[in-house]
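input_32.csv follows; it contains CSV, C-alpha atoms.
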chain,number,residue,atom,x,y,z
A,1006,MET,CA,43.9,-8.8,37.6
A,1007,GLN,CA,42.8,-12.3,38.6
A,1008,ASN,CA,40.1,-10.8,40.7
A,1009,ASN,CA,38.7,-8.9,37.8
A,1010,GLU,CA,38.6,-12.0,35.6
A,1011,GLY,CA,36.8,-13.8,38.4
A,1012,SER,CA,34.1,-11.3,38.7
A,1013,ASN,CA,33.5,-11.1,35.0
A,1014,GLY,CA,33.2,-14.9,34.7
A,1015,VAL,CA,31.3,-17.0,37.2
A,1016,GLY,CA,31.8,-14.7,40.2
A,1017,ASP,CA,29.0,-12.2,39.4
A,1018,PRO,CA,25.8,-14.0,38.6
A,1019,ASN,CA,24.0,-10.7,38.5
A,1020,ALA,CA,25.8,-9.6,35.4
A,1021,ASN,CA,24.7,-12.7,33.5
A,1022,LEU,CA,21.2,-12.3,34.8
A,1023,SER,CA,20.9,-8.7,33.7
A,1024,SER,CA,22.2,-9.5,30.3
A,1025,MET,CA,19.6,-12.3,30.1
A,1026,ILE,CA,16.9,-9.9,31.0
A,1027,THR,CA,17.8,-7.4,28.3
A,1028,LEU,CA,17.9,-10.3,25.9
A,1029,LEU,CA,14.4,-11.3,26.9
A,1030,GLN,CA,13.2,-7.8,26.6
A,1031,SER,CA,14.5,-7.3,23.2
A,1032,LYS,CA,13.0,-10.6,22.1
A,1033,ALA,CA,9.6,-9.4,23.3
A,1034,LYS,CA,9.5,-6.8,20.5
A,1035,THR,CA,9.4,-8.2,17.0
A,1036,SER,CA,12.9,-7.9,15.9
A,1037,ILE,CA,13.8,-6.4,12.6
A,1038,LEU,CA,15.1,-9.7,11.5
A,1039,ASP,CA,11.7,-11.3,11.9
A,1040,LYS,CA,10.3,-9.2,9.1
A,1041,SER,CA,11.0,-10.2,5.5
A,1042,LEU,CA,13.1,-7.9,3.4
A,1043,SER,CA,11.1,-5.8,1.0
A,1044,LYS,CA,11.7,-6.1,-2.7
A,1045,GLY,CA,13.0,-2.6,-2.7
A,1046,LYS,CA,11.1,-1.2,-5.6
A,1047,SER,CA,9.3,1.4,-3.6
A,1048,GLU,CA,9.8,5.0,-4.6
A,1049,MET,CA,9.0,8.4,-3.2
A,1050,HIS,CA,8.9,11.9,-4.3
A,1051,LEU,CA,12.2,13.5,-5.3
A,1052,SER,CA,11.3,16.8,-3.5
A,1053,CYS,CA,11.2,14.8,-0.3
A,1054,PHE,CA,14.7,13.6,-0.6
A,1055,ALA,CA,15.9,17.0,-1.9
A,1056,LEU,CA,14.5,18.8,1.1
A,1057,LEU,CA,15.9,16.3,3.6
A,1058,PHE,CA,19.3,16.5,1.9
A,1059,SER,CA,19.2,20.3,2.0
A,1060,GLU,CA,18.5,20.1,5.8
A,1061,MET,CA,21.4,17.8,6.1
A,1062,VAL,CA,23.7,20.1,4.3
A,1063,GLN,CA,22.6,23.0,6.5
A,1064,TYR,CA,23.0,21.0,9.6
A,1065,CYS,CA,26.6,20.1,8.6
A,1066,GLN,CA,27.3,23.7,7.6
A,1067,ASN,CA,26.2,25.1,10.9
A,1068,ARG,CA,28.7,22.8,12.6
A,1069,SER,CA,31.7,23.3,10.4
A,1070,ASN,CA,34.1,26.2,9.9
A,1071,SER,CA,35.4,25.5,6.5
A,1072,VAL,CA,34.3,24.0,3.2
A,1073,SER,CA,36.5,21.0,3.6
A,1074,GLU,CA,35.1,20.3,7.1
A,1075,LEU,CA,31.6,20.5,5.7
A,1076,GLN,CA,32.6,18.1,2.8
A,1077,ASN,CA,34.1,15.7,5.3
A,1078,LYS,CA,30.9,15.7,7.4
A,1079,LEU,CA,28.8,15.0,4.3
A,1080,CYS,CA,31.2,12.3,3.3
A,1081,ASP,CA,31.0,10.6,6.7
A,1082,MET,CA,27.3,10.6,6.4
A,1083,GLY,CA,27.4,9.1,2.9
A,1084,LYS,CA,29.7,6.5,4.2
A,1085,GLN,CA,27.0,5.2,6.6
A,1086,VAL,CA,24.6,4.9,3.7
A,1087,GLY,CA,27.2,3.1,1.6
A,1088,LEU,CA,27.9,0.6,4.3
A,1089,LYS,CA,24.3,-0.4,4.5
A,1090,ILE,CA,23.2,-0.2,0.9
A,1091,ILE,CA,25.9,-2.6,-0.3
A,1092,ASP,CA,24.4,-5.4,1.9
A,1093,LEU,CA,21.0,-4.7,0.4
A,1094,ILE,CA,22.2,-4.8,-3.2
A,1095,VAL,CA,24.4,-7.8,-2.8
A,1096,LEU,CA,21.5,-9.7,-1.1
A,1097,ARG,CA,19.0,-8.8,-3.8
A,1098,GLU,CA,20.9,-8.6,-7.0
A,1099,LYS,CA,24.1,-10.6,-6.7
A,1100,ASN,CA,22.9,-13.7,-5.0
A,1101,TYR,CA,25.2,-13.0,-2.0
A,1102,LYS,CA,28.3,-12.8,-4.3
A,1103,ARG,CA,30.6,-9.9,-3.8
A,1104,GLU,CA,33.2,-8.6,-6.1
A,1105,VAL,CA,36.8,-9.3,-5.4
A,1106,LYS,CA,38.5,-7.6,-8.4
A,1107,LEU,CA,39.2,-4.0,-8.3
A,1108,LEU,CA,37.9,-3.1,-11.8
A,1109,ASN,CA,34.7,-5.2,-11.2
A,1110,ILE,CA,33.8,-3.5,-8.0
A,1111,LEU,CA,34.3,-0.1,-9.7
A,1112,LEU,CA,32.0,-1.1,-12.5
A,1113,PHE,CA,29.6,-2.5,-10.1
A,1114,ILE,CA,29.4,0.8,-8.2
A,1115,LYS,CA,29.2,2.8,-11.4
A,1116,SER,CA,26.3,0.8,-12.8
A,1117,THR,CA,24.4,-1.3,-10.3
A,1118,VAL,CA,24.8,0.8,-7.2
A,1119,TRP,CA,24.1,4.1,-9.0
A,1120,LYS,CA,21.2,2.6,-10.8
A,1121,THR,CA,19.7,1.4,-7.6
A,1122,LEU,CA,20.2,4.6,-5.7
A,1123,PHE,CA,19.7,7.2,-8.3
A,1124,GLY,CA,17.9,5.5,-11.2
A,1125,LYS,CA,20.7,6.0,-13.7
A,1126,GLU,CA,24.3,4.9,-14.1
A,1127,ALA,CA,27.2,7.2,-13.5
A,1128,ASP,CA,28.5,8.6,-16.7
A,1129,LYS,CA,32.1,7.4,-16.9
A,1130,LEU,CA,34.8,5.4,-15.2
A,1131,GLU,CA,38.4,6.4,-15.8
A,1132,HIS,CA,41.8,5.4,-14.7
A,1133,SER,CA,44.3,8.2,-13.9
A,1134,ALA,CA,47.2,8.4,-16.3
A,1135,ASP,CA,49.6,9.7,-13.7
A,1136,ASP,CA,48.8,7.7,-10.6
A,1137,SER,CA,48.0,4.0,-10.9
A,1138,ARG,CA,46.1,4.2,-7.5
A,1139,GLN,CA,43.6,6.7,-8.8
A,1140,TYR,CA,40.4,6.1,-10.5
A,1141,TYR,CA,37.6,8.5,-11.4
A,1142,ILE,CA,33.9,8.0,-11.5
A,1143,ILE,CA,32.5,10.9,-13.5
A,1144,GLU,CA,29.0,12.2,-13.2
A,1145,LYS,CA,27.6,15.2,-15.1
A,1146,ASP,CA,24.5,15.9,-13.0
A,1147,PRO,CA,24.5,14.2,-9.6
A,1148,LEU,CA,21.0,14.0,-8.2
A,1149,VAL,CA,22.1,15.5,-4.9
A,1150,ASN,CA,23.4,18.6,-6.6
A,1151,ARG,CA,20.4,19.2,-8.7
A,1152,PHE,CA,18.7,21.6,-6.2
A,1153,ILE,CA,21.8,23.1,-4.7
A,1154,SER,CA,23.3,26.4,-5.7
A,1155,VAL,CA,26.8,26.9,-4.5
A,1156,PRO,CA,27.4,30.3,-3.0
A,1157,LYS,CA,30.2,32.3,-4.7
A,1158,ASP,CA,32.5,32.3,-1.6
A,1159,LYS,CA,32.4,28.5,-1.4
A,1160,GLY,CA,33.1,27.8,-5.0
A,1161,SER,CA,34.9,24.5,-4.3
A,1162,LEU,CA,32.0,23.1,-2.3
A,1163,ASN,CA,30.6,20.0,-3.9
A,1164,CYS,CA,27.7,18.5,-2.0
A,1165,ALA,CA,28.2,15.3,-4.0
A,1166,SER,CA,30.7,14.6,-1.3
A,1167,PHE,CA,27.8,12.7,0.2
A,1168,ASN,CA,28.0,10.4,-2.9
A,1169,ALA,CA,31.7,10.1,-2.5
A,1170,GLY,CA,31.1,8.9,1.0
A,1171,ILE,CA,28.7,6.3,-0.3
A,1172,VAL,CA,31.4,5.0,-2.7
A,1173,GLU,CA,34.0,5.1,0.1
A,1174,GLY,CA,31.7,3.1,2.4
A,1175,ILE,CA,31.0,0.5,-0.2
A,1176,LEU,CA,34.7,0.1,-1.1
A,1177,GLU,CA,35.7,0.0,2.6
A,1178,THR,CA,33.3,-2.7,3.6
A,1179,SER,CA,34.1,-4.7,0.4
A,1180,GLY,CA,37.8,-4.8,1.4
A,1181,PHE,CA,39.1,-2.1,-0.9
A,1182,PRO,CA,40.1,0.6,1.5
A,1183,ALA,CA,40.2,3.9,-0.4
A,1184,LYS,CA,39.8,7.7,0.1
A,1185,VAL,CA,37.1,9.2,-2.1
A,1186,LEU,CA,36.7,12.9,-2.8
A,1187,ALA,CA,34.1,14.7,-4.9
A,1188,GLN,CA,35.7,17.5,-7.0
A,1189,TRP,CA,34.5,19.9,-9.6
A,1190,HIS,CA,36.2,19.8,-13.0
A,1191,ASN,CA,34.8,22.1,-15.6
A,1192,GLY,CA,31.4,21.9,-14.0
A,1193,ILE,CA,31.4,18.1,-13.9
A,1194,THR,CA,31.6,16.1,-10.7
A,1195,TYR,CA,34.6,13.8,-10.4
A,1196,TYR,CA,34.6,11.2,-7.7
A,1197,VAL,CA,38.4,10.8,-7.2
A,1198,ILE,CA,39.0,7.4,-5.8
A,1199,GLU,CA,42.5,6.8,-4.4
A,1200,PHE,CA,43.1,3.2,-3.3
A,1201,ASP,CA,45.3,2.0,-0.6
A,1202,GLU,CA,48.6,0.7,-1.9
A,1203,SER,CA,47.8,-2.8,-0.5
A,1204,VAL,CA,44.7,-3.0,-2.7
A,1205,ILE,CA,46.7,-2.4,-5.9
A,1206,THR,CA,49.3,-4.9,-4.9
A,1207,ARG,CA,46.7,-7.5,-4.1
A,1208,ASP,CA,44.9,-6.9,-7.3
A,1209,LYS,CA,48.1,-7.4,-9.3
A,1210,GLN,CA,48.7,-10.7,-7.5
A,1211,LEU,CA,45.2,-11.8,-8.5
A,1212,ASP,CA,46.0,-11.0,-12.1
A,1213,GLU,CA,49.2,-13.0,-12.1
A,1214,ARG,CA,47.5,-16.2,-11.0
B,374,MET,CA,4.9,29.4,-25.4
B,375,SER,CA,8.4,28.8,-24.0
B,376,ARG,CA,7.0,29.3,-20.5
B,377,GLN,CA,4.4,26.6,-21.1
B,378,SER,CA,7.0,24.1,-22.3
B,379,THR,CA,9.1,24.8,-19.2
B,380,SER,CA,6.2,24.1,-16.9
B,381,SER,CA,5.3,20.9,-18.7
B,382,ARG,CA,9.0,19.8,-18.5
B,383,ILE,CA,9.0,20.4,-14.8
B,384,THR,CA,5.9,18.2,-14.3
B,385,ALA,CA,7.4,15.5,-16.4
B,386,ASP,CA,10.6,15.8,-14.5
B,387,SER,CA,8.9,15.3,-11.1
B,388,LYS,CA,10.9,12.2,-10.8
B,389,LYS,CA,10.8,9.6,-8.1
B,390,VAL,CA,13.7,8.5,-6.0
B,391,ASN,CA,14.4,5.2,-4.4
B,392,SER,CA,12.8,5.3,-1.0
B,393,GLU,CA,15.6,3.3,0.5
B,394,LEU,CA,18.1,6.0,-0.3
B,395,PHE,CA,15.8,8.4,1.6
B,396,VAL,CA,15.3,6.0,4.5
B,397,LEU,CA,19.0,5.3,4.9
B,398,THR,CA,19.9,9.0,4.5
B,399,TYR,CA,17.4,9.9,7.2
B,400,GLY,CA,18.7,7.2,9.4
B,401,THR,CA,22.2,8.6,9.0
B,402,LEU,CA,21.0,12.0,10.0
B,403,VAL,CA,19.3,10.7,13.1
B,404,GLN,CA,22.4,8.8,14.0
B,405,GLN,CA,24.5,11.9,13.6
B,406,LEU,CA,22.1,13.9,15.8
B,407,VAL,CA,22.3,11.2,18.5
B,408,LYS,CA,26.1,11.4,18.3
B,409,ASP,CA,26.1,15.2,18.4
B,410,TYR,CA,23.6,15.9,21.2
B,411,GLU,CA,23.8,14.7,24.7
B,412,SER,CA,20.2,14.0,25.5
B,413,VAL,CA,17.7,12.1,23.5
B,414,GLU,CA,15.2,14.9,24.3
B,415,ASP,CA,17.4,17.4,22.4
B,416,VAL,CA,17.5,15.0,19.4
B,417,ASN,CA,13.8,14.9,19.4
B,418,LYS,CA,13.6,18.6,19.4
B,419,GLN,CA,16.2,18.9,16.7
B,420,LEU,CA,14.3,16.4,14.5
B,421,GLU,CA,11.1,18.4,15.0
B,422,ARG,CA,12.9,21.5,13.9
B,423,ILE,CA,14.3,19.9,10.8
B,424,GLY,CA,10.8,18.7,10.0
B,425,TYR,CA,9.5,22.2,10.5
B,426,ASN,CA,12.1,23.7,8.1
B,427,ILE,CA,11.1,21.0,5.5
B,428,GLY,CA,7.4,21.8,6.1
B,429,LEU,CA,7.9,25.5,5.4
B,430,ARG,CA,9.2,24.6,2.0
B,431,VAL,CA,7.3,21.5,1.0
B,432,ILE,CA,4.0,23.3,1.2
B,433,GLU,CA,5.0,25.5,-1.8
B,434,ASP,CA,5.8,22.4,-3.7
B,435,PHE,CA,2.5,20.8,-2.7
B,436,LEU,CA,0.4,23.8,-3.7
B,437,ALA,CA,2.3,24.2,-7.0
B,438,ARG,CA,1.7,20.6,-8.0
B,439,THR,CA,-1.9,20.3,-6.9
B,440,ASN,CA,-4.8,22.6,-7.6
B,441,TYR,CA,-6.4,22.4,-4.2
B,442,PRO,CA,-8.6,25.3,-3.1
B,443,ARG,CA,-8.7,26.7,0.3
B,444,CYS,CA,-9.7,24.3,3.1
B,445,THR,CA,-13.1,24.7,4.5
B,446,ASP,CA,-12.7,23.0,7.8
B,447,LEU,CA,-10.2,20.9,9.7
B,448,ARG,CA,-11.4,17.6,8.2
B,449,ASP,CA,-10.7,19.1,4.8
B,450,THR,CA,-7.2,20.0,6.0
B,451,ALA,CA,-6.7,16.5,7.4
B,452,GLU,CA,-7.6,14.9,4.1
B,453,LYS,CA,-5.2,17.2,2.2
B,454,ILE,CA,-2.4,16.3,4.6
B,455,GLN,CA,-3.3,12.7,4.0
B,456,ALA,CA,-3.1,13.2,0.3
B,457,ALA,CA,0.3,14.9,0.7
B,458,PHE,CA,1.7,12.0,2.6
B,459,LYS,CA,0.6,9.7,-0.2
B,460,MET,CA,2.2,12.0,-2.8
B,461,TYR,CA,5.5,12.6,-1.0
B,462,LEU,CA,6.2,9.6,1.2
B,463,ASN,CA,4.2,7.0,-0.7
B,464,ALA,CA,2.6,6.2,2.7
B,465,THR,CA,-1.1,6.1,3.3
B,466,PRO,CA,-2.1,7.2,6.7
B,467,SER,CA,-5.7,6.8,7.8
B,468,LEU,CA,-7.6,9.5,9.7
B,469,SER,CA,-9.1,8.7,13.0
B,470,ASN,CA,-10.6,10.5,16.0
B,471,VAL,CA,-11.4,13.6,13.9
B,472,THR,CA,-13.0,16.3,16.0
B,473,ALA,CA,-13.7,20.0,15.3
B,474,ASP,CA,-10.1,20.9,16.3
B,475,GLU,CA,-8.1,17.7,16.4
B,476,PHE,CA,-7.3,14.7,14.3
B,477,SER,CA,-5.0,11.7,14.2
B,478,LEU,CA,-3.0,10.4,11.3
B,479,VAL,CA,-2.4,6.6,11.7
B,480,PHE,CA,0.3,4.9,9.7
B,481,GLU,CA,0.3,1.1,9.7
B,482,SER,CA,3.9,1.4,8.7
B,483,THR,CA,6.1,4.4,7.9
B,484,PRO,CA,8.9,4.1,5.5
B,485,PHE,CA,11.2,5.3,8.4
B,486,GLY,CA,10.7,2.1,10.2
B,487,GLU,CA,11.9,-0.2,7.5
B,488,PHE,CA,15.5,-0.8,8.6
B,489,THR,CA,15.3,0.7,12.0
B,490,GLU,CA,15.5,-0.7,15.5
B,491,LEU,CA,15.9,1.5,18.6
B,492,PRO,CA,18.7,0.5,20.9
B,493,ASP,CA,17.8,0.5,24.6
B,494,ALA,CA,19.9,3.7,25.1
B,495,CYS,CA,17.6,5.5,22.7
B,496,ALA,CA,14.3,4.1,24.1
B,497,ASN,CA,12.9,7.6,24.3
B,498,LEU,CA,13.9,8.7,20.8
B,499,LYS,CA,11.0,9.8,18.7
B,500,TYR,CA,12.6,8.5,15.5
B,501,CYS,CA,9.9,9.9,13.1
B,502,ASN,CA,9.6,13.2,15.0
B,503,VAL,CA,10.4,15.0,11.7
B,504,LEU,CA,6.8,14.2,10.6
B,505,PRO,CA,5.0,16.3,13.2
B,506,GLY,CA,7.5,19.1,12.4
B,507,VAL,CA,6.7,19.0,8.7
B,508,ILE,CA,3.0,19.2,9.5
B,509,ARG,CA,3.5,22.2,11.8
B,510,GLY,CA,5.7,24.0,9.3
B,511,ALA,CA,3.4,23.4,6.4
B,512,CYS,CA,0.3,24.5,8.2
B,513,GLU,CA,2.0,27.6,9.5
B,514,MET,CA,2.7,28.7,5.9
B,515,VAL,CA,-1.1,28.5,5.2
B,516,GLN,CA,-1.9,30.6,8.3
B,517,MET,CA,-2.7,27.7,10.6
B,518,ASP,CA,-1.1,27.4,14.0
B,519,VAL,CA,-1.2,23.7,14.9
B,520,GLN,CA,0.4,21.5,17.4
B,521,ALA,CA,1.5,18.0,16.2
B,522,TYR,CA,3.1,15.2,18.2
B,523,VAL,CA,3.8,11.5,17.9
B,524,ILE,CA,1.6,9.5,20.3
B,525,ALA,CA,2.4,6.0,19.2
B,526,ASP,CA,5.3,4.5,17.3
B,527,THR,CA,5.7,1.1,15.7
B,528,LEU,CA,9.4,1.2,16.6
B,529,LYS,CA,8.4,1.1,20.2
B,530,GLY,CA,6.1,-1.9,19.8
B,531,ASP,CA,2.9,-0.1,19.1
B,532,ASN,CA,0.6,-1.5,16.4
B,533,ALA,CA,0.7,1.7,14.4
B,534,THR,CA,2.4,5.0,14.3
B,535,GLU,CA,0.0,7.8,15.3
B,536,ILE,CA,0.5,11.5,14.9
B,537,ARG,CA,-2.0,13.7,16.7
B,538,VAL,CA,-2.6,17.2,15.3
B,539,ARG,CA,-4.4,19.9,17.2
B,540,PHE,CA,-5.6,23.1,15.7
B,541,ILE,CA,-4.7,26.1,17.9
B,542,LYS,CA,-5.6,29.2,16.0
B,543,LYS,CA,-5.7,31.0,12.7
B,544,LEU,CA,-2.7,33.2,12.1
B,545,HIS,CA,-3.6,36.6,10.8
B,546,ASP,CA,-0.5,38.7,11.1
B,547,ALA,CA,1.4,36.3,8.8
B,548,LEU,CA,-0.4,37.7,5.8
B,549,PRO,CA,2.0,39.9,3.8
B,550,ALA,CA,0.8,43.4,3.2
B,551,GLY,CA,-1.4,43.9,0.1
B,552,GLU,CA,-2.7,40.4,0.1
B,553,ASP,CA,-6.3,39.3,0.8
This entry written out as structure tokens:
Amino acid sequence: MQNNEGSNGVGDPNANLSSMITLLQSKAKTSILDKSLSKGKSEMHLSCFALLFSEMVQYCQNRSNSVSELQNKLCDMGKQVGLKIIDLIVLREKNYKREVKLLNILLFIKSTVWKTLFGKEADKLEHSADDSRQYYIIEKDPLVNRFISVPKDKGSLNCASFNAGIVEGILETSGFPAKVLAQWHNGITYYVIEFDESVITRDKQLDER
Amino acid sequence: MSRQSTSSRITADSKKVNSELFVLTYGTLVQQLVKDYESVEDVNKQLERIGYNIGLRVIEDFLARTNYPRCTDLRDTAEKIQAAFKMYLNATPSLSNVTADEFSLVFESTPFGEFTELPDACANLKYCNVLPGVIRGACEMVQMDVQAYVIADTLKGDNATEIRVRFIKKLHDALPAGED
């Protein structure tokens, strides 16, 4: 045990040296942090995104055996996007301020995030009557579903799972751990957000202050 | 009458999407591929394939939205591909080294590079390898067999991203019966 610590510390100068070399190498290239952040107003053709998304769905479908597995895969991918987009939006639009209240972050997702990503706000935000941990963001016509026709044998498939992932990613990185699912309800997409119990408790404590 | 109104609605509906959504989504896909495949070479191949699939379909969209006639020579084709990049990716590549059967598309910056850095483990990853795939797929649908590949990439420290396209042959048997 002690031996190990020794070699990690001063004992092995080569380790330090090699890490220094990699550091120098990465410095030689202009790092992404050297560039200034764009204003983010640039746009591209919808078909482009639609075709890419379709390829993504196909890729996930080829690698999963069930509808729920496919949805999980899409959700995981959306999560990655969510984790990143929140930093961009907070930096540009909120002056580095992040929401700490549950309702505010939901409204922020419904309006600002959706507007940035998809050019329009989500339609509604609702609180479940039965379960205080559940909220719904409701969207009639999600952009990602516009060019997707769901085959009959996969009726429950909702590719807006990708969007659900985005919401989940944003909530998670903002300190509101939750599980988000995209579900059909009368042909309308519901993003069902179920918060962790701890989130609800904390939010109540904030209210009491 | 109703048909006309539908078509005008579609043109008006040809909406734009935030390019950052696209860029991040693409990044996620590449990330997933890197996770799923063992070698970077396989990821490159897979990206090209994905691009090819997109190309097969995007050409329809392109022809439907533009009224371009048949290309007369390869320079003509190159200019149309250039126009398509402007239209779809909002990127303006310049043409260089145009010969009778080859040309290069040079991008000062591709949207793909905006938030991307290649880690050392992925030094050989051709991050924008979907682009040559798109070109190959789209050209195949208009009876042109081309080879396209990335020869320089800003993510690897080059000054510009360059895609070289080489014309191989005209495809004849791809014509459906009864056409032409």
* Asked: atom CA of B:Thr534 and atom CA of B:Phe480 are how many Å apart?
  ->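 Result for atom CA of B:Thr534 versus atom CA of B:Phe480: 5.1 Å, one decimal.
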* To do: Please identify every residue of chain A that has at least one atom no more than 10 Å from any atom of chain B, counting all atoms listed in the file, and report them as number ranges by chain.
  => A: 1027, 1030-1031, 1033-1038, 1040, 1042-1043, 1045-1061, 1063-1065, 1068, 1078, 1081-1087, 1089-1090, 1093, 1120-1124, 1148, 1167
* To do: Report the distance between atom CA of B:Val479 and atom CA of B:Ala525 in Å, rounded to one decimal place.
  =>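 If I compute the distance from atom CA of B:Val479 to atom CA of B:Ala525, I get 8.9 Å.
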* **Among listed residues B:Arg509, B:Cys495, B:Val523, B:Leu436, nearest B:Ser412 (using only C-alpha atoms)** =>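 Using only C-alpha atoms, B:Ser412 sits closest to B:Cys495.
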* Find the residues near A:Val1072: any atom within 12 Å, counting all atoms listed in the file, skip ones fewer than 6 places away on the same chain, and give them as a VMD selection string. => chain A and resid 1062 1065 to 1066 1078 to 1079 1155 to 1156 1158 to 1164 1166
* **For stretch 1179-1181 of chain A: contacts at 7 Å, all atoms listed in the file, fewer than 3 positions along chain excluded, given as a list of chain:residue names** =>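 With the cut-off at 7 Å, the set is A:Ile1175, A:Leu1176, A:Val1204.
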* What is the distance, in Å and to one decimal place, between atom CA of A:Asn1109 and atom CA of A:His1190? -> 25.1 Å
* Proximity to A:Ile1114 - best of A:Gln1210, A:Asn1168, A:Asn1100, A:Gln1076, all atoms listed in the file -> A:Asn1168
* Can you tell me, as a ChimeraX atom specification, which residues sit within 12 Å of (-6.4, 22.4, -4.3) in the file's frame, using all atoms listed in the file? -> /B:432,435-445,449-450,452-454,456-457
Given the selection you just returned, output its residues as a file containing C-alpha atoms, formatted as a compact mmCIF listing (two decimals), keeping the file's coordinate frame.
# COMPACT_ATOMS: atom_id res chain seq x y z
CA ILE B 432 4.00 23.30 1.20
CA PHE B 435 2.50 20.80 -2.70
CA LEU B 436 0.40 23.80 -3.70
CA ALA B 437 2.30 24.20 -7.00
CA ARG B 438 1.70 20.60 -8.00
CA THR B 439 -1.90 20.30 -6.90
CA ASN B 440 -4.80 22.60 -7.60
CA TYR B 441 -6.40 22.40 -4.20
CA PRO B 442 -8.60 25.30 -3.10
CA ARG B 443 -8.70 26.70 0.30
CA CYS B 444 -9.70 24.30 3.10
CA THR B 445 -13.10 24.70 4.50
CA ASP B 449 -10.70 19.10 4.80
CA THR B 450 -7.20 20.00 6.00
CA GLU B 452 -7.60 14.90 4.10
CA LYS B 453 -5.20 17.20 2.20
CA ILE B 454 -2.40 16.30 4.60
CA ALA B 456 -3.10 13.20 0.30
CA ALA B 457 0.30 14.90 0.70
